[in-house]
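The file start14.txt comes next; it holds compact mmCIF, C-alpha atoms and all ligand atoms.
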```txt
# COMPACT_ATOMS: atom_id res chain seq x y z
CA MET H 1 -7.91 12.98 -96.02
CA ASN H 2 -7.97 13.75 -92.27
CA ASN H 3 -5.55 16.45 -91.09
CA LEU H 4 -3.95 16.07 -87.67
CA ASP H 5 -1.07 17.84 -85.95
CA TYR H 6 1.11 14.98 -84.73
CA LEU H 7 1.49 11.25 -85.28
CA ILE H 8 3.13 9.70 -82.19
CA ILE H 9 4.83 6.36 -82.72
CA GLY H 10 4.96 4.31 -79.51
CA GLN H 11 2.83 4.23 -76.37
CA GLY H 12 5.52 3.68 -73.76
CA LEU H 13 5.95 6.30 -71.03
CA ALA H 14 7.53 8.75 -73.51
CA GLY H 15 4.77 8.55 -76.14
CA SER H 16 1.97 8.38 -73.55
CA LEU H 17 2.99 11.44 -71.52
CA LEU H 18 3.81 13.38 -74.68
CA ALA H 19 0.39 12.54 -76.15
CA TRP H 20 -1.30 13.56 -72.89
CA GLU H 21 0.63 16.86 -72.83
CA LEU H 22 -0.19 17.69 -76.46
CA LEU H 23 -3.87 16.85 -75.94
CA GLN H 24 -3.93 19.20 -72.92
CA ARG H 25 -2.58 21.90 -75.22
CA GLY H 26 -5.38 21.38 -77.74
CA CYS H 27 -3.38 19.50 -80.40
CA LYS H 28 -4.94 16.93 -82.69
CA ILE H 29 -2.91 13.74 -82.42
CA MET H 30 -2.87 10.03 -83.22
CA VAL H 31 -0.88 7.47 -81.21
CA ILE H 32 0.07 4.14 -82.73
CA ASP H 33 1.67 1.25 -80.89
CA ASN H 34 2.42 -2.32 -81.86
CA GLY H 35 0.93 -3.67 -78.59
CA LEU H 36 4.08 -5.62 -77.61
CA GLU H 37 5.17 -5.54 -73.97
CA ASN H 38 7.50 -2.55 -73.66
CA ALA H 39 10.27 -1.30 -71.36
CA THR H 40 7.87 0.95 -69.48
CA GLN H 41 5.57 -1.93 -68.53
CA VAL H 42 8.45 -4.06 -67.28
CA ALA H 43 10.31 -1.20 -65.54
CA ALA H 44 10.38 -0.83 -61.78
CA GLY H 45 9.49 2.84 -62.24
CA LEU H 46 11.87 3.82 -59.44
CA ILE H 47 12.52 7.47 -58.77
CA ASN H 48 15.75 7.84 -56.85
CA PRO H 49 17.36 11.31 -56.90
CA VAL H 50 20.68 10.20 -55.33
CA THR H 51 22.45 7.31 -57.04
CA GLY H 52 25.69 5.45 -57.68
CA MET H 53 28.69 4.72 -55.48
CA ARG H 54 29.28 8.47 -55.19
CA LEU H 55 25.72 9.01 -53.97
CA VAL H 56 25.39 11.95 -56.29
CA LYS H 57 22.25 13.90 -57.18
CA THR H 58 20.82 13.48 -60.70
CA ALA H 59 21.49 16.62 -62.77
CA ASP H 60 18.59 19.09 -62.64
CA VAL H 61 16.67 16.93 -60.14
CA GLU H 62 15.41 20.14 -58.46
CA HIS H 63 13.30 20.78 -61.57
CA LEU H 64 12.72 17.24 -62.81
CA LEU H 65 11.35 15.83 -59.57
CA PRO H 66 8.67 18.43 -58.71
CA CYS H 67 7.50 18.36 -62.31
CA ALA H 68 7.28 14.55 -62.30
CA LEU H 69 5.40 14.47 -58.98
CA ARG H 70 2.96 17.15 -60.19
CA CYS H 71 2.37 15.28 -63.42
CA TYR H 72 1.66 11.94 -61.71
CA GLU H 73 -0.56 13.67 -59.13
CA GLN H 74 -2.61 15.34 -61.88
CA LEU H 75 -2.98 12.02 -63.67
CA SER H 76 -4.00 10.36 -60.38
CA GLN H 77 -6.70 12.94 -59.81
CA PHE H 78 -7.96 12.57 -63.36
CA PHE H 79 -8.04 8.76 -63.42
CA LYS H 80 -8.82 8.33 -59.70
CA GLN H 81 -5.91 5.89 -59.34
CA ASP H 82 -2.64 6.07 -57.40
CA PHE H 83 0.21 5.95 -59.89
CA TYR H 84 3.18 7.17 -57.86
CA ILE H 85 3.91 5.39 -54.58
CA ALA H 86 6.26 7.44 -52.39
CA LYS H 87 8.45 5.24 -50.17
CA PRO H 88 11.72 5.94 -48.35
CA MET H 89 14.76 4.05 -49.57
CA LEU H 90 17.40 2.42 -47.38
CA ARG H 91 20.73 2.30 -49.19
CA LEU H 92 23.14 -0.30 -47.83
CA LEU H 93 26.55 1.21 -47.00
CA ASN H 94 28.60 -1.94 -47.31
CA ASN H 95 32.00 -0.43 -48.01
CA GLU H 96 34.17 2.42 -46.76
CA LEU H 97 33.71 4.54 -49.88
CA LEU H 98 29.91 4.46 -49.67
CA LEU H 99 30.01 5.22 -45.95
CA ALA H 100 32.37 8.17 -46.47
CA ASN H 101 30.20 9.53 -49.29
CA ALA H 102 27.06 9.16 -47.17
CA HIS H 103 28.66 11.27 -44.41
CA LYS H 104 29.73 13.84 -46.99
CA ARG H 105 26.20 14.15 -48.42
CA LEU H 106 24.60 14.41 -44.97
CA ALA H 107 26.89 17.37 -44.23
CA ASP H 108 26.10 19.06 -47.56
CA PRO H 109 23.10 21.47 -47.49
CA ALA H 110 22.56 20.83 -51.21
CA TYR H 111 21.45 17.32 -50.23
CA ASP H 112 18.87 18.46 -47.61
CA GLY H 113 15.59 16.72 -48.30
CA TYR H 114 17.27 13.91 -50.25
CA VAL H 115 19.29 12.15 -47.54
CA LYS H 116 18.15 11.99 -43.93
CA THR H 117 20.36 9.91 -41.68
CA ILE H 118 22.56 6.86 -41.31
CA ILE H 119 20.79 4.02 -39.55
CA ASN H 120 23.46 2.06 -37.72
CA ASN H 121 21.59 -0.07 -35.32
CA PRO H 122 21.44 -2.95 -36.00
CA ALA H 123 24.49 -3.17 -38.29
CA PRO H 124 25.15 -2.99 -41.23
CA PRO H 125 24.69 0.76 -41.76
CA TYR H 126 22.08 2.14 -44.15
CA LEU H 127 21.58 5.62 -45.56
CA GLU H 128 17.96 6.70 -45.35
CA GLN H 129 17.09 8.48 -48.59
CA GLN H 130 14.08 10.73 -49.10
CA GLN H 131 11.89 11.72 -52.04
CA THR H 132 12.14 8.20 -53.41
CA GLY H 133 9.36 5.94 -54.65
CA TYR H 134 8.09 4.16 -57.71
CA LEU H 135 5.65 4.70 -60.54
CA GLN H 136 3.06 2.01 -61.29
CA THR H 137 3.95 2.14 -64.95
CA ARG H 138 1.73 -0.67 -66.23
CA LEU H 139 -1.37 0.79 -64.59
CA LEU H 140 -0.59 4.27 -65.88
CA LEU H 141 -0.08 3.10 -69.47
CA SER H 142 -3.28 1.09 -69.39
CA CYS H 143 -5.34 4.09 -68.13
CA LEU H 144 -3.82 6.36 -70.76
CA LYS H 145 -4.37 3.82 -73.53
CA GLN H 146 -8.04 3.56 -72.60
CA TYR H 147 -8.29 7.38 -72.57
CA PHE H 148 -6.70 7.64 -76.03
CA ILE H 149 -9.04 4.93 -77.35
CA GLU H 150 -12.07 6.79 -75.99
CA ARG H 151 -10.86 10.00 -77.67
CA GLY H 152 -10.46 8.11 -80.97
CA CYS H 153 -6.75 8.85 -81.14
CA TYR H 154 -5.19 5.41 -80.64
CA ARG H 155 -4.50 2.64 -83.14
CA GLN H 156 -2.88 -0.68 -82.35
CA SER H 157 -0.67 -1.20 -85.35
CA VAL H 158 2.95 -1.70 -86.31
CA LEU H 159 4.32 1.30 -88.13
CA ASN H 160 6.07 0.00 -91.24
CA TYR H 161 8.45 2.81 -92.15
CA GLN H 162 7.82 2.37 -95.89
CA ASP H 163 4.11 3.15 -95.27
CA LEU H 164 4.95 6.74 -94.31
CA GLN H 165 4.62 9.20 -97.12
CA LEU H 166 6.95 12.18 -96.69
CA GLN H 167 6.11 14.14 -99.88
CA PRO H 168 4.13 16.14 -100.95
CA THR H 169 2.27 15.83 -97.63
CA LEU H 170 3.41 13.92 -94.59
CA SER H 171 0.89 11.12 -94.23
CA TRP H 172 0.16 7.64 -92.94
CA GLN H 173 -2.79 5.67 -94.30
CA THR H 174 -5.49 8.31 -94.93
CA ILE H 175 -4.27 10.83 -92.35
CA SER H 176 -1.90 13.74 -92.89
CA PHE H 177 0.23 15.27 -90.16
CA LYS H 178 2.43 18.30 -89.52
CA LYS H 179 5.07 16.16 -87.82
CA ILE H 180 5.78 12.59 -86.83
CA LEU H 181 7.17 12.11 -83.31
CA PHE H 182 9.06 8.87 -82.82
CA CYS H 183 8.85 7.56 -79.23
CA GLU H 184 9.91 4.03 -80.00
CA GLY H 185 12.19 3.19 -77.07
CA HIS H 186 14.85 0.65 -78.05
CA HIS H 187 13.14 -0.01 -81.43
CA ALA H 188 14.60 3.31 -82.59
CA THR H 189 17.78 1.44 -83.48
CA GLN H 190 15.77 0.01 -86.45
CA ASN H 191 14.41 3.40 -87.50
CA PRO H 192 15.83 4.38 -90.93
CA TRP H 193 15.90 8.10 -90.00
CA PHE H 194 17.26 7.95 -86.46
CA SER H 195 19.29 4.73 -86.10
CA TRP H 196 22.50 6.79 -86.54
CA LEU H 197 22.06 8.20 -83.04
CA PRO H 198 24.46 6.56 -80.55
CA PHE H 199 22.11 4.46 -78.46
CA GLN H 200 23.69 2.11 -75.93
CA LEU H 201 20.87 -0.30 -75.15
CA VAL H 202 20.87 -2.26 -71.90
CA LYS H 203 18.73 -5.31 -71.27
CA GLY H 204 17.25 -5.60 -67.77
CA GLU H 205 15.45 -8.38 -65.92
CA ILE H 206 13.24 -8.21 -62.83
CA LEU H 207 11.78 -10.90 -60.57
CA THR H 208 8.57 -10.72 -58.56
CA LEU H 209 8.78 -12.66 -55.30
CA GLN H 210 6.11 -13.90 -52.93
CA HIS H 211 7.10 -14.17 -49.26
CA GLN H 212 5.75 -14.51 -45.71
CA SER H 213 8.40 -12.38 -43.97
CA GLN H 214 7.68 -9.25 -41.96
CA LEU H 215 9.55 -6.49 -43.77
CA PRO H 216 9.57 -2.73 -43.15
CA ASP H 217 7.66 -0.77 -45.77
CA VAL H 218 10.74 0.69 -47.46
CA ILE H 219 12.68 0.21 -50.67
CA TYR H 220 15.99 -1.57 -50.03
CA ASN H 221 18.92 -0.73 -52.26
CA PHE H 222 21.95 -2.97 -51.93
CA GLY H 223 23.33 -2.51 -55.45
CA ASP H 224 20.22 -4.33 -56.62
CA TRP H 225 16.92 -3.22 -55.09
CA LEU H 226 13.81 -4.67 -53.45
CA ILE H 227 10.51 -2.85 -53.79
CA PRO H 228 7.58 -3.98 -51.64
CA LEU H 229 4.38 -4.10 -53.72
CA ASP H 230 2.20 -5.24 -50.82
CA LYS H 231 2.68 -7.31 -47.65
CA GLN H 232 3.41 -10.52 -49.57
CA ARG H 233 4.94 -9.47 -52.89
CA LEU H 234 8.04 -7.57 -53.84
CA ARG H 235 10.08 -6.91 -56.95
CA LEU H 236 13.79 -7.67 -57.12
CA GLY H 237 15.98 -6.15 -59.80
CA ALA H 238 17.41 -5.28 -62.02
CA SER H 239 20.10 -6.90 -64.14
CA PHE H 240 22.25 -4.94 -66.64
CA ASP H 241 23.27 -6.70 -69.85
CA ARG H 242 24.66 -4.82 -72.85
CA GLU H 243 25.29 -7.95 -74.96
CA HIS H 244 22.09 -9.96 -75.21
CA LEU H 245 19.68 -7.36 -76.50
CA ASN H 246 16.45 -9.32 -76.51
CA THR H 247 13.38 -9.51 -74.28
CA GLN H 248 13.77 -13.14 -73.15
CA PRO H 249 14.01 -13.74 -69.39
CA THR H 250 17.10 -15.86 -68.63
CA LEU H 251 18.00 -18.40 -65.95
CA HIS H 252 21.38 -16.69 -65.64
CA ALA H 253 19.88 -13.31 -64.62
CA LYS H 254 17.39 -15.01 -62.32
CA ASN H 255 20.14 -16.92 -60.51
CA THR H 256 22.36 -13.83 -60.30
CA LEU H 257 19.58 -11.74 -58.76
CA LEU H 258 18.69 -14.47 -56.26
CA LYS H 259 22.37 -14.89 -55.34
CA ALA H 260 22.74 -11.15 -54.75
CA LEU H 261 19.66 -11.28 -52.55
CA LYS H 262 21.35 -13.88 -50.33
CA LEU H 263 24.23 -11.45 -49.78
CA SER H 264 21.78 -8.75 -48.69
CA PRO H 265 20.92 -8.51 -45.00
CA ILE H 266 17.24 -9.25 -45.70
CA ASN H 267 16.22 -12.81 -45.05
CA LEU H 268 13.93 -14.01 -47.82
CA ASP H 269 14.94 -17.68 -47.83
CA GLN H 270 11.36 -18.90 -48.12
CA ALA H 271 10.40 -16.52 -50.95
CA THR H 272 9.25 -17.96 -54.26
CA VAL H 273 9.59 -16.41 -57.71
CA ILE H 274 6.13 -15.77 -59.15
CA ASP H 275 7.10 -13.65 -62.16
CA HIS H 276 10.17 -12.90 -64.25
CA GLN H 277 10.26 -10.16 -66.90
CA ALA H 278 12.83 -8.70 -69.25
CA ASN H 279 13.04 -5.74 -71.57
CA ILE H 280 15.50 -3.23 -73.01
CA ARG H 281 16.39 0.19 -71.61
CA PRO H 282 16.83 2.90 -74.29
CA CYS H 283 20.13 4.19 -72.89
CA THR H 284 22.43 6.51 -74.83
CA LEU H 285 26.20 6.81 -75.14
CA ASP H 286 26.40 10.20 -73.40
CA LYS H 287 23.57 9.37 -70.93
CA GLN H 288 21.50 12.29 -72.29
CA PRO H 289 18.11 11.85 -74.00
CA PHE H 290 17.67 12.34 -77.76
CA ILE H 291 15.13 15.06 -78.48
CA GLY H 292 14.74 16.99 -81.70
CA GLU H 293 14.25 17.05 -85.45
CA HIS H 294 16.01 15.05 -88.11
CA PRO H 295 18.72 17.36 -89.55
CA GLN H 296 17.41 16.99 -93.13
CA LEU H 297 13.74 16.08 -92.63
CA SER H 298 12.37 18.52 -90.08
CA GLN H 299 8.91 16.92 -90.26
CA LEU H 300 10.37 13.91 -88.40
CA ALA H 301 11.33 14.26 -84.73
CA ILE H 302 12.50 11.94 -81.97
CA PHE H 303 11.74 11.83 -78.23
CA ASN H 304 13.78 8.99 -76.79
CA GLY H 305 16.88 7.89 -74.89
CA PHE H 306 15.56 8.15 -71.33
CA GLY H 307 17.71 5.24 -70.23
CA ALA H 308 17.05 4.03 -66.70
CA LYS H 309 15.51 7.35 -65.57
CA GLY H 310 12.35 7.68 -67.64
CA SER H 311 9.98 8.10 -64.67
CA LEU H 312 11.96 11.09 -63.40
CA GLN H 313 12.87 12.75 -66.70
CA ILE H 314 9.97 12.30 -69.10
CA PRO H 315 7.33 14.56 -67.46
CA LYS H 316 9.53 17.67 -67.54
CA LEU H 317 11.09 16.91 -70.91
CA CYS H 318 7.77 16.33 -72.62
CA LYS H 319 6.65 19.79 -71.46
CA LEU H 320 9.82 21.33 -72.88
CA PHE H 321 9.44 19.28 -76.07
CA ALA H 322 5.84 20.47 -76.45
CA ASP H 323 7.06 24.08 -75.93
CA ALA H 324 9.63 23.55 -78.69
CA LEU H 325 7.03 22.09 -81.06
CA LEU H 326 4.37 24.71 -80.41
CA ASN H 327 6.33 27.83 -79.45
CA GLN H 328 9.63 27.30 -81.27
CA THR H 329 11.69 27.34 -78.07
CA PRO H 330 14.95 25.33 -78.26
CA TYR H 331 14.71 21.55 -78.00
CA PRO H 332 15.83 20.23 -74.61
CA SER H 333 18.70 17.73 -74.87
CA SER H 334 18.75 18.40 -78.60
CA ILE H 335 20.20 15.87 -81.03
CA ASP H 336 21.89 18.70 -82.93
CA ARG H 337 24.95 17.87 -80.77
CA TYR H 338 25.45 14.92 -83.16
CA TYR H 339 24.69 16.59 -86.51
CA ALA H 340 28.30 17.47 -87.35
CA THR H 341 29.50 13.93 -86.59
CA TYR H 342 26.89 12.06 -88.60
CA PHE H 343 25.97 14.63 -91.28
CA PRO H 344 29.23 16.41 -92.15
CA HIS H 345 28.85 19.08 -94.86
C1 LIG N 401 14.24 -4.03 -66.43
C2 LIG N 401 14.06 -2.53 -66.51
C3 LIG N 401 14.02 -1.79 -65.34
C4 LIG N 401 13.85 -0.40 -65.41
N1 LIG N 401 13.74 0.29 -64.24
C5 LIG N 401 13.50 1.61 -64.29
C6 LIG N 401 13.31 2.34 -63.09
O1 LIG N 401 13.35 1.80 -61.99
N2 LIG N 401 13.07 3.69 -63.20
C7 LIG N 401 13.00 4.32 -64.41
O2 LIG N 401 12.75 5.53 -64.44
N3 LIG N 401 13.19 3.65 -65.55
C8 LIG N 401 13.44 2.31 -65.52
N4 LIG N 401 13.61 1.63 -66.68
C9 LIG N 401 13.70 2.39 -67.93
C10 LIG N 401 12.33 2.80 -68.45
O3 LIG N 401 11.67 1.65 -68.84
C11 LIG N 401 12.52 3.75 -69.63
O4 LIG N 401 13.25 4.89 -69.27
C12 LIG N 401 11.19 4.23 -70.20
O5 LIG N 401 10.13 3.41 -69.82
C13 LIG N 401 11.28 4.25 -71.70
O6 LIG N 401 10.03 4.59 -72.23
P1 LIG N 401 9.86 4.72 -73.79
O7 LIG N 401 8.46 5.16 -74.02
O8 LIG N 401 10.96 5.54 -74.36
O9 LIG N 401 10.09 3.23 -74.37
P2 LIG N 401 9.13 1.96 -74.30
O10 LIG N 401 8.44 1.85 -73.01
O11 LIG N 401 9.92 0.78 -74.75
O12 LIG N 401 7.99 2.27 -75.38
C14 LIG N 401 8.21 2.32 -76.76
C15 LIG N 401 6.95 1.86 -77.46
O13 LIG N 401 7.03 2.08 -78.86
C16 LIG N 401 6.47 0.97 -79.53
N5 LIG N 401 7.01 0.92 -80.88
C17 LIG N 401 8.32 1.01 -81.25
N6 LIG N 401 8.43 0.96 -82.59
C18 LIG N 401 7.17 0.86 -83.08
C19 LIG N 401 6.65 0.76 -84.41
N7 LIG N 401 7.42 0.77 -85.50
N8 LIG N 401 5.30 0.65 -84.56
C20 LIG N 401 4.49 0.64 -83.46
N9 LIG N 401 4.94 0.73 -82.19
C21 LIG N 401 6.27 0.83 -82.01
C22 LIG N 401 6.94 -0.19 -78.65
O14 LIG N 401 6.25 -1.38 -78.89
C23 LIG N 401 6.69 0.37 -77.26
O15 LIG N 401 5.37 0.15 -76.83
C24 LIG N 401 13.77 0.24 -66.66
C25 LIG N 401 13.78 -0.51 -67.83
C26 LIG N 401 13.94 -1.88 -67.77
C27 LIG N 401 13.94 -2.68 -69.04
```

Encoded form using structure tokens:
Amino acid sequence: MNNLDYLIIGQGLAGSLLAWELLQRGCKIMVIDNGLENATQVAAGLINPVTGMRLVKTADVEHLLPCALRCYEQLSQFFKQDFYIAKPMLRLLNNELLLANAHKRLADPAYDGYVKTIINNPAPPYLEQQQTGYLQTRLLLSCLKQYFIERGCYRQSVLNYQDLQLQPTLSWQTISFKKILFCEGHHATQNPWFSWLPFQLVKGEILTLQHQSQLPDVIYNFGDWLIPLDKQRLRLGASFDREHLNTQPTLHAKNTLLKALKLSPINLDQATVIDHQANIRPCTLDKQPFIGEHPQLSQLAIFNGFGAKGSLQIPKLCKLFADALLNQTPYPSSIDRYYATYFPH
């Protein structure tokens, strides 16, 4: 039997960056993935430090963002591909509350470097945000998959949970492992060891549009967002649906996104829809990721729950997770906050 350190289940952004990190640290790993289109591939990959009606900074963004940018830059140098595309974002200030909050943030030194100015001419007003951009998630996953294949540490396969042997040695097929790390995105709700965690999945749909308009090279955020991919194509998204948790694109979401676009100040009347994708965000009830060991089976661990902020959060958290695995430091965003609720003594 082969002996490896870690079996990673899932090659979305979480499993891919974790596998990369553990390989850099000299670990022997195997990644398995079922090959289905995943949330990472569909995602817009947006990084936006200041969000919501309150225009508030994401917690710990001062650490998360530099770490994410460093990670994507290192990967770019290694694969000789651009993965992260930095682009300013114009946030539409279409009500009094947003406008008041924008003024408040511009006056707050803690927001220096994240918000720049209000552009008022021509109306309506926009807040110019900085340190925004998007990750080319599909390209990144495909480069990493190829890398794992070349290193002999990737298998395309569905993990059937009953095929895992927990005793006397932790093993799958003919390989034994120290730990299994589940990075299954929304599929974790089917996982017999971790489905008790309070996920709050959210389906999202995104359109790709082709157009002939002359648009500034910025990301527009008007509640929904528009991301220019090149001079003729942009992505429009994303819907939020907590009820229909499947990966089917729907006419309803398409029409809703196109209707919202008409309300935006950008004229894209002649644009045509050339693609329409859907997938499921692995959001959690308390908006915090789920990272840590099963309370009774410490050989099983989870790295999941990155919601709609995977591109920003995962690089830093996979470093901290690797520290916890290799150096016994505490797990970041540990699931032990739920042990007492779900495993009372
Ligand atoms: C429409 C939409 C828009 C989004 N926009 C953004 C955005 O702008 N910015 C942002 O940061 N995030 C965004 N997200 C969220 C982002 O996709 C997630 O935060 C992140 O990609 C989750 O990565 P993951 O690896 O946890 O899950 P996934 O990418 O879903 O990967 C999980 C993988 O595990 C595999 N798997 C699961 N179970 C098994 C099994 N038993 N056997 C084998 N393989 C298995 C799956 O097939 C999949 O490949 C968006 C998501 C959606 C759906």

* To do: Please give me, as a VMD selection string, the residues lying within 7 Å of ligand LIG 401 (chain N) when counting only C-alpha atoms and all ligand atoms.
  => chain H and resid 9 to 15 32 to 47 157 to 160 183 to 188 203 to 206 238 to 239 278 to 282 304 to 312

Suppose we keep C-alpha atoms; can you now write the selection as a PDB file, in the coordinates of the input?
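See part.pdb below for the written result:
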```pdb
ATOM      1  CA  ILE H   9       4.830   6.360 -82.720  1.00  0.00           C
ATOM      2  CA  GLY H  10       4.960   4.310 -79.510  1.00  0.00           C
ATOM      3  CA  GLN H  11       2.830   4.230 -76.370  1.00  0.00           C
ATOM      4  CA  GLY H  12       5.520   3.680 -73.760  1.00  0.00           C
ATOM      5  CA  LEU H  13       5.950   6.300 -71.030  1.00  0.00           C
ATOM      6  CA  ALA H  14       7.530   8.750 -73.510  1.00  0.00           C
ATOM      7  CA  GLY H  15       4.770   8.550 -76.140  1.00  0.00           C
ATOM      8  CA  ILE H  32       0.070   4.140 -82.730  1.00  0.00           C
ATOM      9  CA  ASP H  33       1.670   1.250 -80.890  1.00  0.00           C
ATOM     10  CA  ASN H  34       2.420  -2.320 -81.860  1.00  0.00           C
ATOM     11  CA  GLY H  35       0.930  -3.670 -78.590  1.00  0.00           C
ATOM     12  CA  LEU H  36       4.080  -5.620 -77.610  1.00  0.00           C
ATOM     13  CA  GLU H  37       5.170  -5.540 -73.970  1.00  0.00           C
ATOM     14  CA  ASN H  38       7.500  -2.550 -73.660  1.00  0.00           C
ATOM     15  CA  ALA H  39      10.270  -1.300 -71.360  1.00  0.00           C
ATOM     16  CA  THR H  40       7.870   0.950 -69.480  1.00  0.00           C
ATOM     17  CA  GLN H  41       5.570  -1.930 -68.530  1.00  0.00           C
ATOM     18  CA  VAL H  42       8.450  -4.060 -67.280  1.00  0.00           C
ATOM     19  CA  ALA H  43      10.310  -1.200 -65.540  1.00  0.00           C
ATOM     20  CA  ALA H  44      10.380  -0.830 -61.780  1.00  0.00           C
ATOM     21  CA  GLY H  45       9.490   2.840 -62.240  1.00  0.00           C
ATOM     22  CA  LEU H  46      11.870   3.820 -59.440  1.00  0.00           C
ATOM     23  CA  ILE H  47      12.520   7.470 -58.770  1.00  0.00           C
ATOM     24  CA  SER H 157      -0.670  -1.200 -85.350  1.00  0.00           C
ATOM     25  CA  VAL H 158       2.950  -1.700 -86.310  1.00  0.00           C
ATOM     26  CA  LEU H 159       4.320   1.300 -88.130  1.00  0.00           C
ATOM     27  CA  ASN H 160       6.070   0.000 -91.240  1.00  0.00           C
ATOM     28  CA  CYS H 183       8.850   7.560 -79.230  1.00  0.00           C
ATOM     29  CA  GLU H 184       9.910   4.030 -80.000  1.00  0.00           C
ATOM     30  CA  GLY H 185      12.190   3.190 -77.070  1.00  0.00           C
ATOM     31  CA  HIS H 186      14.850   0.650 -78.050  1.00  0.00           C
ATOM     32  CA  HIS H 187      13.140  -0.010 -81.430  1.00  0.00           C
ATOM     33  CA  ALA H 188      14.600   3.310 -82.590  1.00  0.00           C
ATOM     34  CA  LYS H 203      18.730  -5.310 -71.270  1.00  0.00           C
ATOM     35  CA  GLY H 204      17.250  -5.600 -67.770  1.00  0.00           C
ATOM     36  CA  GLU H 205      15.450  -8.380 -65.920  1.00  0.00           C
ATOM     37  CA  ILE H 206      13.240  -8.210 -62.830  1.00  0.00           C
ATOM     38  CA  ALA H 238      17.410  -5.280 -62.020  1.00  0.00           C
ATOM     39  CA  SER H 239      20.100  -6.900 -64.140  1.00  0.00           C
ATOM     40  CA  ALA H 278      12.830  -8.700 -69.250  1.00  0.00           C
ATOM     41  CA  ASN H 279      13.040  -5.740 -71.570  1.00  0.00           C
ATOM     42  CA  ILE H 280      15.500  -3.230 -73.010  1.00  0.00           C
ATOM     43  CA  ARG H 281      16.390   0.190 -71.610  1.00  0.00           C
ATOM     44  CA  PRO H 282      16.830   2.900 -74.290  1.00  0.00           C
ATOM     45  CA  ASN H 304      13.780   8.990 -76.790  1.00  0.00           C
ATOM     46  CA  GLY H 305      16.880   7.890 -74.890  1.00  0.00           C
ATOM     47  CA  PHE H 306      15.560   8.150 -71.330  1.00  0.00           C
ATOM     48  CA  GLY H 307      17.710   5.240 -70.230  1.00  0.00           C
ATOM     49  CA  ALA H 308      17.050   4.030 -66.700  1.00  0.00           C
ATOM     50  CA  LYS H 309      15.510   7.350 -65.570  1.00  0.00           C
ATOM     51  CA  GLY H 310      12.350   7.680 -67.640  1.00  0.00           C
ATOM     52  CA  SER H 311       9.980   8.100 -64.670  1.00  0.00           C
ATOM     53  CA  LEU H 312      11.960  11.090 -63.400  1.00  0.00           C
TER      54      LEU H 312
END
```

* To do: Tell me, in Å to one decimal, how far CA of Pro315 in chain H is from CA of Tyr72 in chain H.
  => 8.5 Å

* Asked: Counting all atoms listed in the file, what is within 12 Å of Lys116 in chain H, bar same-chain residues fewer than 2 positions away, as JSON, numbers by chain?
  -> {"H": [50, 88, 89, 90, 91, 102, 103, 105, 106, 107, 108, 109, 111, 112, 113, 114, 118, 119, 126, 127, 128, 129, 130, 131, 132]}

* Distance criterion (all atoms listed in the file): nearest to Lys262 in chain H out of H:Phe240, H:Tyr342, H:Phe222, H:Phe148 ->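 Closest candidate: H:Phe222.
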
* **Point-to-point distance from CA of Glu293 in chain H to CA of Gln24 in chain H, Å rounded to tenths** =>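 About the pair CA of Glu293 in chain H and CA of Gln24 in chain H: they are 22.2 Å apart.
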
* To do: Please measure the separation of CA of Leu251 in chain H and CA of Leu234 in chain H, giving the value in Å to one decimal.
  =>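 Value for the CA of Leu251 in chain H-CA of Leu234 in chain H distance: 19.1 Å.
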
* Using all atoms listed in the file, determine which residues lie at most 10 Å from Asp60 in chain H, disregarding the query and same-chain residues fewer than 4 positions distant; provide the list as JSON, numbers by chain. => {"H": [49, 64, 65, 313]}

* To do: Using all atoms listed in the file, find the one residue out of H:Ile291, H:Val56, H:Ile302, H:Leu263 that sits nearest to Pro330 in chain H.
  =>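 For Pro330 in chain H, the nearest of the given residues is H:Ile291.
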
* **Selected residue, from H:Pro344, H:Gly133, H:Gly292, H:Gly223, that lies nearest to Asp323 in chain H when counting all atoms listed in the file** =>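 Nearest candidate to Asp323 in chain H out of H:Pro344, H:Gly133, H:Gly292, H:Gly223: H:Gly292.
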
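Residue nearest Ser298 in chain H, chosen from H:Ile149, H:Leu209, H:Ile180, H:Leu257 and counting all atoms listed in the file: H:Ile180.
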
* For Pro124 in chain H: contacts at 8 Å, all atoms listed in the file, fewer than 5 positions along chain excluded, given as an MDAnalysis selection string -> chainID H and resid 92:94 265

* Using only C-alpha atoms, which residues sit within 12 Å of Leu229 in chain H once same-chain residues fewer than 2 positions away are excluded, as a list in words? ->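 Residues meeting the cut-off are Ala44, Ile85, Ala86, Lys87, Gly133, Tyr134, Leu135, Gln136, Thr208, Leu209, Gln210, His211, Leu215, Pro216, Asp217, Val218, Ile219, Leu226, Ile227, Lys231, Gln232, Arg233, Leu234, Arg235 and Leu236 of chain H.
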
* Structure fact -> For Leu55 in chain H, the closest of H:Val115, H:Val202, H:Ala322, H:Leu23 counting all atoms listed in the file is H:Val115

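Nearest residue to Leu4 in chain H among H:Asn120, H:Gln156, H:Thr51, H:Thr169 is H:Thr169, counting only C-alpha atoms.
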
* To do: Find the residues around Asn2 in chain H up to 9 Å (all atoms listed in the file counted), leave out those fewer than 3 positions away in its own chain, and share them as an MDAnalysis selection string.
  => chainID H and resid 174:177
